[in-house]
$ cat model-v2.cif   # mmCIF, C-alpha atoms and all ligand atoms
data_protein
#
loop_
_atom_site.label_atom_id
_atom_site.label_comp_id
_atom_site.auth_asym_id
_atom_site.auth_seq_id
_atom_site.Cartn_x
_atom_site.Cartn_y
_atom_site.Cartn_z
CA MET F 1 16.51 1.32 8.46
CA GLY F 2 19.99 1.88 9.87
CA THR F 3 18.77 2.18 13.43
CA GLY F 4 19.97 -1.15 14.70
CA LEU F 5 16.36 -2.07 15.42
CA SER F 6 15.40 -5.38 13.92
CA GLY F 7 12.69 -5.09 11.25
CA LEU F 8 9.75 -6.36 13.21
CA SER F 9 10.61 -4.34 16.27
CA TRP F 10 10.84 -1.27 14.11
CA VAL F 11 7.34 -1.82 12.71
CA CYS F 12 5.99 -2.13 16.21
CA SER F 13 8.16 0.42 17.99
CA SER F 14 5.86 3.38 17.41
CA LEU F 15 3.15 1.43 19.21
CA PHE F 16 5.30 1.40 22.33
CA MET F 17 4.76 5.13 22.52
CA ARG F 18 1.31 4.28 23.79
CA ALA F 19 2.89 2.42 26.65
CA TYR F 20 4.96 5.53 27.34
CA ALA F 21 1.71 7.35 27.93
CA HIS F 22 1.76 5.38 31.19
CA LYS F 23 5.16 6.67 32.27
CA ASP F 24 3.94 8.83 35.16
CA GLU F 25 1.71 6.06 36.36
CA LEU F 26 4.61 3.59 36.15
CA HIS F 27 6.89 5.93 38.07
CA SER F 28 4.27 6.44 40.73
CA LEU F 29 3.89 2.64 40.96
CA SER F 30 7.60 2.08 41.65
CA ARG F 31 7.84 5.14 43.88
CA ASP F 32 4.95 3.87 45.99
CA ILE F 33 6.61 0.44 46.38
CA TRP F 34 9.90 2.22 47.17
CA SER F 35 8.24 4.38 49.84
CA ASN F 36 6.72 1.35 51.55
CA PRO F 37 9.57 -1.18 51.70
CA GLU F 38 8.46 -4.64 52.78
CA LEU F 39 10.55 -7.71 53.54
CA ALA F 40 10.42 -11.01 51.64
CA GLY F 41 7.07 -12.73 52.00
CA ASN F 42 5.43 -9.66 53.56
CA GLU F 43 5.00 -7.52 50.45
CA LYS F 44 1.31 -6.80 51.07
CA HIS F 45 1.34 -3.15 50.01
CA ALA F 46 3.36 -3.85 46.84
CA HIS F 47 1.12 -6.79 45.97
CA ASP F 48 -2.06 -4.72 46.35
CA ARG F 49 -0.58 -1.79 44.43
CA LEU F 50 0.44 -3.95 41.47
CA VAL F 51 -2.90 -5.77 41.49
CA ARG F 52 -4.63 -2.36 41.35
CA PHE F 53 -2.33 -1.23 38.54
CA PHE F 54 -3.34 -4.12 36.29
CA SER F 55 -7.00 -4.27 37.42
CA GLN F 56 -7.67 -0.69 36.31
CA ASP F 57 -7.37 -1.88 32.68
CA GLN F 58 -10.13 -4.42 32.38
CA THR F 59 -8.47 -6.23 29.51
CA TRP F 60 -6.14 -7.82 32.06
CA THR F 61 -7.41 -10.78 34.07
CA VAL F 62 -5.88 -10.40 37.50
CA GLN F 63 -5.49 -13.03 40.20
CA SER F 64 -4.38 -11.65 43.53
CA HIS F 65 -2.61 -13.89 46.08
CA TYR F 66 -1.76 -16.24 43.22
CA LYS F 67 -0.36 -19.47 44.76
CA LEU F 68 1.49 -17.44 47.44
CA PRO F 69 0.04 -14.78 49.76
CA THR F 70 1.95 -11.92 48.11
CA ALA F 71 2.25 -13.23 44.55
CA PHE F 72 -0.13 -12.22 41.75
CA LYS F 73 -0.82 -13.05 38.14
CA ALA F 74 -2.17 -10.74 35.41
CA SER F 75 -2.96 -12.21 32.00
CA TRP F 76 -3.95 -10.70 28.70
CA GLY F 77 -4.89 -12.32 25.37
CA PRO F 78 -4.55 -14.51 23.42
CA VAL F 79 -4.55 -12.32 20.37
CA SER F 80 -4.31 -13.17 16.65
CA GLY F 81 -2.91 -16.42 15.20
CA GLY F 82 -4.99 -19.25 13.84
CA VAL F 83 -7.96 -20.68 15.72
CA GLY F 84 -6.83 -23.76 17.62
CA ASP F 85 -3.11 -22.92 17.19
CA PRO F 86 -1.04 -23.44 20.32
CA VAL F 87 -0.75 -20.14 22.19
CA LEU F 88 2.64 -18.55 22.90
CA ASN F 89 2.56 -17.30 26.47
CA VAL F 90 5.09 -14.52 27.14
CA GLY F 91 5.89 -13.96 30.81
CA PHE F 92 7.18 -10.86 32.60
CA LEU F 93 8.30 -11.02 36.21
CA CYS F 94 7.96 -8.35 38.89
CA GLU F 95 9.98 -8.54 42.11
CA TYR F 96 9.18 -6.15 44.95
CA ASP F 97 10.78 -7.23 48.23
CA ALA F 98 13.13 -4.94 50.14
CA LEU F 99 16.03 -5.42 52.55
CA PRO F 100 15.97 -5.13 56.34
CA GLY F 101 16.99 -1.68 57.56
CA ILE F 102 17.91 -0.19 54.18
CA GLY F 103 14.69 -0.45 52.17
CA HIS F 104 14.88 -0.86 48.40
CA ALA F 105 18.68 -1.09 48.29
CA CYS F 106 18.52 -3.63 45.46
CA GLY F 107 15.99 -1.61 43.45
CA HIS F 108 13.28 -4.26 43.33
CA ASN F 109 10.73 -1.45 43.08
CA LEU F 110 12.28 -0.80 39.65
CA ILE F 111 12.13 -4.50 38.76
CA ALA F 112 8.38 -4.29 39.42
CA GLU F 113 8.16 -1.22 37.20
CA VAL F 114 10.19 -2.81 34.38
CA GLY F 115 8.02 -5.95 34.45
CA ALA F 116 4.80 -3.94 34.39
CA ALA F 117 6.04 -1.48 31.75
CA ALA F 118 7.40 -4.18 29.45
CA ALA F 119 4.12 -6.10 29.64
CA VAL F 120 2.07 -2.95 28.96
CA GLY F 121 4.45 -2.13 26.08
CA LEU F 122 4.09 -5.56 24.51
CA LYS F 123 0.32 -5.41 24.86
CA ALA F 124 0.27 -2.00 23.16
CA ALA F 125 2.32 -3.40 20.29
CA LEU F 126 0.19 -6.50 19.85
CA GLU F 127 -3.36 -5.52 20.60
CA ASN F 128 -4.42 -4.64 17.08
CA GLN F 129 -2.32 -7.25 15.33
CA THR F 130 -4.28 -9.79 13.34
CA GLU F 131 -1.54 -11.62 11.53
CA LEU F 132 0.85 -12.90 14.12
CA PRO F 133 2.28 -16.32 13.24
CA VAL F 134 0.92 -17.74 16.50
CA PRO F 135 -1.67 -16.52 18.99
CA VAL F 136 0.09 -14.63 21.78
CA LYS F 137 -0.81 -14.26 25.42
CA ILE F 138 0.95 -12.13 28.05
CA THR F 139 1.36 -13.18 31.66
CA VAL F 140 2.78 -10.97 34.39
CA LEU F 141 3.80 -12.85 37.51
CA GLY F 142 4.40 -11.01 40.73
CA THR F 143 7.19 -13.04 42.31
CA PRO F 144 7.79 -12.15 45.95
CA ALA F 145 10.67 -13.01 48.28
CA GLU F 146 13.79 -12.95 46.11
CA GLU F 147 16.09 -11.65 48.85
CA GLU F 148 15.03 -14.46 51.16
CA LEU F 149 12.99 -17.68 50.82
CA GLY F 150 13.08 -18.02 47.03
CA GLY F 151 9.55 -17.05 45.98
CA LYS F 152 10.12 -18.06 42.37
CA ILE F 153 11.16 -21.54 43.45
CA GLU F 154 7.92 -21.90 45.40
CA LEU F 155 6.02 -20.66 42.36
CA ILE F 156 7.83 -23.16 40.11
CA ASN F 157 6.91 -25.96 42.51
CA ALA F 158 3.30 -24.78 42.55
CA GLY F 159 3.15 -24.94 38.74
CA ALA F 160 3.00 -21.18 38.11
CA PHE F 161 5.50 -21.41 35.23
CA ALA F 162 4.01 -24.53 33.64
CA ASP F 163 2.25 -22.75 30.76
CA ILE F 164 4.78 -19.92 30.24
CA ASP F 165 6.93 -20.16 27.08
CA LEU F 166 9.34 -17.25 27.50
CA VAL F 167 10.21 -15.18 30.50
CA PHE F 168 11.63 -11.67 30.86
CA MET F 169 12.78 -9.51 33.73
CA ALA F 170 15.61 -7.06 34.42
CA HIS F 171 17.60 -6.11 37.51
CA PRO F 172 19.19 -2.77 38.46
CA ALA F 173 22.98 -2.84 38.81
CA GLN F 174 26.00 -0.59 38.11
CA GLN F 175 26.12 -1.22 34.35
CA ASP F 176 24.01 -2.58 31.54
CA ALA F 177 24.61 -6.23 30.66
CA SER F 178 22.42 -8.46 28.54
CA PHE F 179 23.66 -11.48 30.48
CA HIS F 180 25.50 -12.27 33.65
CA PRO F 181 25.29 -15.82 35.00
CA CYS F 182 25.04 -14.98 38.74
CA ILE F 183 26.21 -17.69 41.10
CA ILE F 184 24.66 -20.58 42.95
CA ILE F 185 23.83 -19.91 46.58
CA GLU F 186 22.99 -22.11 49.49
CA GLU F 187 22.23 -20.90 52.98
CA MET F 188 23.53 -22.61 56.13
CA LEU F 189 22.00 -22.04 59.53
CA VAL F 190 24.27 -23.14 62.36
CA LYS F 191 23.03 -23.49 65.93
CA TYR F 192 25.28 -24.16 68.92
CA TYR F 193 23.85 -25.51 72.14
CA GLY F 194 25.97 -25.11 75.30
CA LYS F 195 25.14 -24.68 78.99
CA ALA F 196 24.47 -21.45 80.89
CA SER F 197 26.23 -20.56 84.08
CA HIS F 198 27.16 -17.44 86.10
CA ALA F 199 30.09 -16.04 84.12
CA ALA F 200 31.96 -14.80 87.22
CA ALA F 201 30.82 -17.13 90.00
CA TYR F 202 30.81 -20.54 88.24
CA PRO F 203 32.31 -20.14 84.74
CA TRP F 204 33.75 -23.69 84.89
CA GLU F 205 30.15 -25.01 85.00
CA GLY F 206 29.31 -23.41 81.65
CA VAL F 207 29.62 -24.62 78.06
CA ASN F 208 30.05 -21.47 76.04
CA ALA F 209 28.04 -21.42 72.81
CA LEU F 210 29.39 -17.96 71.93
CA ASP F 211 32.93 -19.35 71.97
CA ALA F 212 31.74 -21.93 69.46
CA ALA F 213 30.21 -19.22 67.26
CA VAL F 214 33.37 -17.09 67.39
CA LEU F 215 35.60 -20.08 66.59
CA ALA F 216 33.28 -21.05 63.73
CA TYR F 217 33.50 -17.52 62.32
CA SER F 218 37.31 -17.57 62.64
CA ASN F 219 37.60 -21.05 61.11
CA ILE F 220 35.67 -19.83 58.06
CA SER F 221 37.87 -16.73 57.82
CA VAL F 222 40.97 -18.94 57.82
CA LEU F 223 39.42 -21.29 55.27
CA ARG F 224 38.76 -18.38 52.92
CA GLN F 225 42.42 -18.10 51.90
CA GLN F 226 42.25 -21.58 50.39
CA LEU F 227 39.07 -21.00 48.36
CA LYS F 228 38.90 -20.38 44.63
CA PRO F 229 38.63 -16.69 43.70
CA ASP F 230 35.04 -16.99 42.49
CA TRP F 231 33.76 -18.82 45.56
CA ARG F 232 32.10 -16.82 48.33
CA ILE F 233 31.32 -17.57 51.94
CA HIS F 234 30.05 -14.90 54.30
CA GLY F 235 27.99 -14.88 57.43
CA ILE F 236 26.72 -13.19 60.55
CA ILE F 237 26.16 -14.14 64.18
CA LYS F 238 22.38 -13.82 64.45
CA HIS F 239 22.17 -14.65 68.10
CA GLY F 240 25.20 -14.21 70.35
CA GLY F 241 23.88 -14.57 73.88
CA GLU F 242 21.78 -12.59 76.34
CA LYS F 243 24.01 -10.86 78.89
CA PRO F 244 27.74 -10.74 79.69
CA ASN F 245 27.26 -12.42 83.05
CA ILE F 246 25.39 -15.41 81.61
CA ILE F 247 27.58 -17.89 79.73
CA PRO F 248 25.66 -18.15 76.43
CA ALA F 249 23.83 -21.47 76.19
CA TYR F 250 22.66 -20.85 72.64
CA THR F 251 24.06 -19.08 69.57
CA GLU F 252 23.02 -18.98 65.96
CA LEU F 253 24.96 -18.12 62.80
CA GLU F 254 23.72 -17.65 59.26
CA PHE F 255 26.12 -18.20 56.36
CA TYR F 256 25.75 -17.91 52.60
CA LEU F 257 27.86 -20.24 50.44
CA ARG F 258 28.25 -19.43 46.75
CA THR F 259 30.05 -20.96 43.78
CA PRO F 260 29.56 -20.79 40.02
CA LEU F 261 29.32 -24.60 39.74
CA LEU F 262 27.17 -27.01 41.66
CA LYS F 263 29.99 -29.50 42.19
CA ASP F 264 32.07 -26.72 43.77
CA LEU F 265 29.20 -25.86 46.08
CA CYS F 266 29.33 -29.42 47.40
CA ASP F 267 33.07 -29.07 48.11
CA LEU F 268 32.57 -25.73 49.80
CA LYS F 269 29.75 -27.09 51.93
CA ALA F 270 31.90 -29.98 53.14
CA LYS F 271 34.73 -27.58 54.07
CA ALA F 272 32.36 -25.20 55.86
CA GLU F 273 30.69 -28.01 57.74
CA ALA F 274 34.09 -29.19 58.97
CA CYS F 275 34.76 -25.67 60.31
CA PHE F 276 31.41 -25.56 62.12
CA ARG F 277 31.82 -29.03 63.63
CA ALA F 278 35.41 -28.30 64.73
CA ALA F 279 34.16 -25.30 66.70
CA ALA F 280 31.60 -27.50 68.44
CA GLY F 281 34.27 -30.08 69.26
CA ALA F 282 36.65 -27.49 70.69
CA THR F 283 34.05 -25.99 73.02
CA GLY F 284 32.01 -29.04 73.95
CA CYS F 285 28.85 -27.62 72.37
CA GLN F 286 26.29 -29.52 70.36
CA VAL F 287 25.85 -28.25 66.80
CA GLU F 288 22.92 -28.36 64.42
CA ILE F 289 23.47 -27.42 60.76
CA THR F 290 20.59 -26.95 58.34
CA SER F 291 19.93 -25.40 54.91
CA PRO F 292 16.61 -23.69 55.55
CA THR F 293 15.91 -22.31 52.07
CA PRO F 294 16.17 -23.86 48.61
CA THR F 295 19.35 -23.49 46.57
CA TYR F 296 19.30 -20.69 43.99
CA TYR F 297 20.88 -21.81 40.71
CA ASN F 298 23.07 -19.93 38.29
CA ILE F 299 21.27 -18.27 35.35
CA LEU F 300 21.33 -20.26 32.12
CA PRO F 301 22.37 -18.15 29.14
CA ASN F 302 20.11 -17.72 26.15
CA ALA F 303 22.37 -16.38 23.40
CA THR F 304 19.54 -15.50 21.01
CA LEU F 305 17.52 -13.55 23.55
CA ALA F 306 20.66 -11.82 24.84
CA SER F 307 21.73 -10.76 21.37
CA LEU F 308 18.25 -9.49 20.45
CA TYR F 309 18.10 -7.59 23.72
CA GLU F 310 21.49 -6.05 23.03
CA SER F 311 20.64 -4.90 19.54
CA ASN F 312 17.30 -3.46 20.66
CA GLY F 313 19.00 -1.88 23.67
CA LYS F 314 21.76 -0.34 21.57
CA ALA F 315 19.18 1.12 19.22
CA LEU F 316 17.60 2.78 22.23
CA GLY F 317 20.95 4.20 23.36
CA ILE F 318 21.91 1.62 25.97
CA HIS F 319 25.67 1.23 26.33
CA PHE F 320 26.87 -2.30 27.00
CA PRO F 321 30.48 -2.28 28.27
CA GLU F 322 32.73 -4.86 26.57
CA GLN F 323 33.78 -6.28 29.91
CA PRO F 324 31.05 -5.55 32.42
CA THR F 325 32.22 -5.76 36.02
CA SER F 326 30.56 -8.85 37.30
CA PHE F 327 27.65 -8.62 39.71
CA CYS F 328 28.54 -11.48 41.98
CA GLY F 329 25.12 -12.04 43.49
CA SER F 330 22.56 -14.78 43.19
CA THR F 331 18.91 -14.91 42.20
CA ASP F 332 16.00 -17.33 42.23
CA PHE F 333 15.55 -16.40 38.56
CA GLY F 334 18.38 -18.92 38.06
CA ASN F 335 15.91 -21.70 38.87
CA VAL F 336 13.36 -20.20 36.46
CA SER F 337 15.99 -20.19 33.70
CA PHE F 338 16.20 -24.00 33.98
CA ILE F 339 12.42 -24.31 33.45
CA VAL F 340 11.60 -21.66 30.82
CA PRO F 341 13.81 -19.90 28.24
CA GLY F 342 14.35 -16.35 29.43
CA ILE F 343 16.59 -13.39 30.11
CA HIS F 344 17.51 -11.38 33.17
CA PRO F 345 19.61 -8.44 31.96
CA PHE F 346 21.10 -5.91 34.36
CA PHE F 347 20.58 -2.17 33.91
CA TYR F 348 22.28 1.02 34.99
CA ILE F 349 20.15 3.47 36.98
CA CYS F 350 22.30 6.61 36.85
CA THR F 351 24.36 6.08 39.98
CA ASP F 352 27.79 4.77 40.94
CA ALA F 353 26.40 3.49 44.22
CA LEU F 354 26.53 -0.24 44.88
CA ASN F 355 23.57 -2.54 45.48
CA HIS F 356 22.67 -3.19 49.11
CA THR F 357 23.76 0.26 50.31
CA GLU F 358 21.70 3.24 51.49
CA GLU F 359 23.02 5.23 48.52
CA TYR F 360 21.54 2.66 46.14
CA THR F 361 18.21 2.88 47.95
CA GLU F 362 18.27 6.62 47.28
CA ALA F 363 19.07 6.06 43.61
CA ALA F 364 16.32 3.45 43.15
CA GLY F 365 13.71 5.99 44.21
CA ALA F 366 15.13 8.91 42.22
CA GLU F 367 13.46 10.51 39.20
CA LYS F 368 16.70 10.16 37.22
CA ALA F 369 16.49 6.34 37.33
CA GLN F 370 13.28 6.51 35.31
CA LEU F 371 14.78 7.04 31.87
CA TYR F 372 16.98 3.95 32.32
CA THR F 373 14.19 1.88 33.81
CA LEU F 374 11.69 2.59 31.04
CA ARG F 375 14.33 2.19 28.36
CA THR F 376 15.12 -1.25 29.74
CA ALA F 377 11.43 -2.14 29.75
CA LYS F 378 11.18 -1.01 26.15
CA ALA F 379 14.18 -3.13 25.10
CA LEU F 380 12.59 -6.13 26.80
CA SER F 381 9.24 -5.70 25.07
CA MET F 382 10.94 -5.13 21.69
CA THR F 383 12.85 -8.36 22.22
CA ALA F 384 9.58 -10.12 22.97
CA VAL F 385 8.06 -8.65 19.78
CA ASP F 386 11.01 -9.95 17.75
CA VAL F 387 10.46 -13.46 19.04
CA VAL F 388 6.66 -13.61 18.83
CA CYS F 389 6.70 -12.25 15.28
CA CYS F 390 9.37 -14.59 13.97
CA PRO F 391 8.99 -18.38 14.30
CA ASP F 392 12.65 -18.88 13.31
CA LEU F 393 13.80 -16.78 16.24
CA LEU F 394 11.46 -18.62 18.57
CA LYS F 395 12.97 -21.90 17.39
CA LYS F 396 16.49 -20.53 17.99
CA VAL F 397 15.54 -19.41 21.49
CA ARG F 398 14.19 -22.88 22.25
CA ASP F 399 17.27 -24.56 20.76
CA ASP F 400 19.55 -22.33 22.88
CA PHE F 401 17.58 -23.30 25.95
CA ARG F 402 17.91 -27.02 25.27
CA LEU F 403 21.61 -26.65 24.50
CA ALA F 404 22.38 -24.62 27.61
CA LYS F 405 20.63 -27.18 29.78
CA LEU F 406 22.53 -30.01 28.14
CA LYS F 407 25.82 -28.21 28.69
CA GLN F 408 25.03 -27.75 32.37
CA LYS F 409 24.16 -31.41 32.74
CA GLU F 410 27.58 -32.30 31.41
CA GLU F 411 29.14 -30.01 33.99
CA LYS F 412 30.27 -33.00 36.06
CA ASN F 413 28.06 -32.78 39.10
CA GLN F 414 29.01 -36.30 40.26
CA ASN F 415 30.65 -35.11 43.49
CA CYS F 416 27.37 -33.72 44.70
CA GLU F 417 25.45 -35.84 47.13
CA LYS F 418 22.44 -33.54 46.87
CA GLU F 419 21.62 -33.14 43.18
CA LYS F 420 18.46 -31.04 43.16
CA ARG F 421 18.72 -29.35 39.81
CA PRO F 422 15.84 -30.03 37.40
CA ASN F 423 16.55 -31.97 34.20
N1 LIG T 1 18.73 -16.87 50.37
C1 LIG T 1 19.49 -15.67 50.15
C2 LIG T 1 19.35 -15.17 48.76
C3 LIG T 1 20.11 -13.90 48.54
C4 LIG T 1 19.90 -13.37 47.18
C5 LIG T 1 20.59 -12.05 46.97
N2 LIG T 1 20.27 -11.54 45.68
C6 LIG T 1 20.74 -10.38 45.25
O1 LIG T 1 21.38 -9.62 45.94
C7 LIG T 1 20.45 -10.01 43.83
C8 LIG T 1 19.10 -9.65 43.61
N3 LIG T 1 18.46 -8.92 44.61
C9 LIG T 1 22.09 -12.20 47.08
O2 LIG T 1 22.74 -12.49 46.08
O3 LIG T 1 22.61 -12.00 48.18
#

$ encode --input "model-v2.cif" --output "structure tokens" --more "lines below"
Ligand SMILES: NCCCC[C@H](NC(=O)CCN)C(=O)O
Amino acid sequence: MGTGLSGLSWVCSSLFMRAYAHKDELHSLSRDIWSNPELAGNEKHAHDRLVRFFSQDQTWTVQSHYKLPTAFKASWGPVSGGVGDPVLNVGFLCEYDALPGIGHACGHNLIAEVGAAAAVGLKAALENQTELPVPVKITVLGTPAEEELGGKIELINAGAFADIDLVFMAHPAQQDASFHPCIIIEEMLVKYYGKASHAAAYPWEGVNALDAAVLAYSNISVLRQQLKPDWRIHGIIKHGGEKPNIIPAYTELEFYLRTPLLKDLCDLKAKAEACFRAAAGATGCQVEITSPTPTYYNILPNATLASLYESNGKALGIHFPEQPTSFCGSTDFGNVSFIVPGIHPFFYICTDALNHTEEYTEAAGAEKAQLYTLRTAKALSMTAVDVVCCPDLLKKVRDDFRLAKLKQKEEKNQNCEKEKRPN
């Protein structure tokens, strides 16, 4: 063969051409989501658009508002395999939330397109197969609210992943990478309560909550020098007062804390909390510290899926740099990776712009991102074909999953008072 394609993928690859017949439709899907950016939890337009996309082919069973108002599920199959055999359910995930002010600056419109295209591609490859080793079903889950709230975590808790055996998605970035672990993130909301007063007439009667916020911000900046290089802490003042002549009685800060290891997150949290409380003490304010959203975990590696994805990707012309520059973000897919074996590769979209910038928004809507997006989708569906057609590979994927989880468990989390990670 000499193409780098694994045998089974090669047999099926011509069938993907049928999925490519949908390329204009897929581009118009992501372009429509891109043109109507919606924030986490409010992705009504994107939800309806994706539901329409799958409903127009009546072989998909589509559930709108699946477990969450803007989540959906589309299922197809099972096909082939022996009667009564356990079904292998292959999942593809679509994200579609945008960022405040800058639209689709993380390219989630393209994540939706990749998920839809890869599922359509796999269906095209499997629909006339009669001799698969196991019956195969495809499930597309629309997973809202990645940038905020953790939609996938809510879906996990609601049982949406309970019958899914493998899960695939891909995220736009600066380079292609079959795996990058991402880092754990926890959010901290800090509220200072002081006392208002006329800032010129009776300043001595006030307790200045803005002073507390500013000191808190400075304390964290000073702390930063003593943190490990791969830890991150960054925040904003969300509410800083009402008017210069009113001593602010209330301020609010939002901070993100990130570390590669859970035990480090616990250390970082303790240090940050000390900074926030010190600012309250210095100013006489009351402080309230909460973690309003669930922790996003690191992504568990799956060596077999990553290596299949790489060889399929290379055969399609994807270049994987030896040392990809790390994308130091976080994702609620991390939590999924502890529940179901899966992959979350990153893909280049023909721009040097960085995620979460206006330039990246531009690139995520551009025609030239399409080749890279559809090629990624194709590599994902070919990887799925490899696994569904070969029981040995499926076993390896499952072994990798068990092993990776075991390794994480041994990662000495004892220091952590709040162990929330699933077993
Ligand atoms: N609760 C805040 C979660 C932020 C998640 C965000 N994710 C990404 O940027 C990558 C995928 N969009 C982050 O890492 O800041």

$ residues_near_ligand --input "model-v2.cif" --ligand "ligand LIG 1 (chain T)" --cutoff "7 Å" --atoms "all atoms listed in the file" --output "NGL selection string"
:F and (106 or 146-150 or 185-187 or 293 or 329-331)

$ closest_atom_pairs --input "model-v2.cif" --of "stretch 69-114 of chain F" --to "stretch 382-387 of chain F" --cutoff "12 Å" --atoms "all atoms listed in the file" --output "CSV"
residue,atom,partner,partner_atom,distance
F:Leu88,CA,F:Val387,CA,10.1
F:Asn89,CA,F:Ala384,CA,10.6
F:Val90,CA,F:Ala384,CA,7.5
F:Gly91,CA,F:Ala384,CA,9.5
F:Phe92,CA,F:Ala384,CA,10.0

$ residues_around --input "model-v2.cif" --residues "stretch 198-208 of chain F" --least-positions-apart "4" --cutoff "6 Å" --atoms "all atoms listed in the file" --output "list in words"
Gly194, Asn245, Ile246, Ile247 and Pro248 of chain F

$ closest_residue --input "model-v2.cif" --among "F:Tyr309, F:Tyr256, F:Phe179, F:Phe72" --to "F:Phe53" --atoms "only C-alpha atoms"
F:Phe72

$ residues_around --input "model-v2.cif" --residues "F:Lys123" --least-positions-apart "4" --cutoff "8 Å" --atoms "all atoms listed in the file" --output "PDB file with C-alpha atoms, keeping the file's coordinate frame"
ATOM      1  CA  TRP F  76      -3.950 -10.700  28.700  1.00  0.00           C
ATOM      2  CA  ALA F 119       4.120  -6.100  29.640  1.00  0.00           C
ATOM      3  CA  GLU F 127      -3.360  -5.520  20.600  1.00  0.00           C
ATOM      4  CA  ILE F 138       0.950 -12.130  28.050  1.00  0.00           C
TER       5      ILE F 138
END

$ axis_aligned_box --input "model-v2.cif" --around "stretch 379-390 of chain F" --padding-each-side "3 Å" --output "AutoDock Vina command-line options"
--center_x 10.4 --center_y -8.9 --center_z 20.4 --size_x 13.5 --size_y 17.5 --size_z 18.8

$ closest_residue --input "model-v2.cif" --among "F:Asp97, F:Asp332, F:Glu367, F:Asp163" --to "F:Asn109" --atoms "all atoms listed in the file"
F:Asp97

$ atom_distance --input "model-v2.cif" --atom1 "atom CA of F:Gln286" --atom2 "atom CA of F:Tyr217"
16.1 Å

$ closest_atom_pairs --input "model-v2.cif" --of "stretch 184-227 of chain F" --to "stretch 259-280 of chain F" --cutoff "6 Å" --atoms "all atoms listed in the file" --output "tab-separated table"
residue	atom	partner	partner_atom	distance
F:Ile184	CA	F:Thr259	CA	5.5
F:Ala212	CA	F:Ala279	CA	5.0
F:Leu215	CA	F:Ala279	CA	5.4
F:Ala216	CA	F:Phe276	CA	5.1
F:Asn219	CA	F:Cys275	CA	5.5

$ residues_near_point --input "model-v2.cif" --point "(9.6, -11.3, 33.9)" --cutoff "12 Å" --atoms "all atoms listed in the file" --output "ChimeraX atom specification"
/F:73-74,89-95,111-119,138-143,152,161,164-171,333,336-337,340-345,377,380-381,384

$ closest_residue --input "model-v2.cif" --among "F:Leu189, F:Val79, F:Leu110, F:Ile339" --to "F:Leu371" --atoms "only C-alpha atoms"
F:Leu110

$ closest_residue --input "model-v2.cif" --among "F:Val62, F:Ala145, F:Cys328, F:Leu132" --to "F:Asn42" --atoms "all atoms listed in the file"
F:Ala145

$ closest_residue --input "model-v2.cif" --among "F:Leu406, F:Leu50, F:Val136, F:Ala158" --to "F:Pro86" --atoms "all atoms listed in the file"
F:Val136

$ closest_residue --input "model-v2.cif" --among "F:His319, F:Lys368, F:Arg52, F:Lys396" --to "F:Asn302" --atoms "only C-alpha atoms"
F:Lys396

$ residues_near_point --input "model-v2.cif" --point "(34.4, -19.7, 53.5)" --cutoff "7 Å" --atoms "all atoms listed in the file" --output "PDB file with C-alpha atoms, keeping the file's coordinate frame"
ATOM      1  CA  ILE F 220      35.670 -19.830  58.060  1.00  0.00           C
ATOM      2  CA  SER F 221      37.870 -16.730  57.820  1.00  0.00           C
ATOM      3  CA  LEU F 223      39.420 -21.290  55.270  1.00  0.00           C
ATOM      4  CA  ARG F 224      38.760 -18.380  52.920  1.00  0.00           C
ATOM      5  CA  ARG F 232      32.100 -16.820  48.330  1.00  0.00           C
ATOM      6  CA  ILE F 233      31.320 -17.570  51.940  1.00  0.00           C
ATOM      7  CA  HIS F 234      30.050 -14.900  54.300  1.00  0.00           C
ATOM      8  CA  ALA F 272      32.360 -25.200  55.860  1.00  0.00           C
TER       9      ALA F 272
END
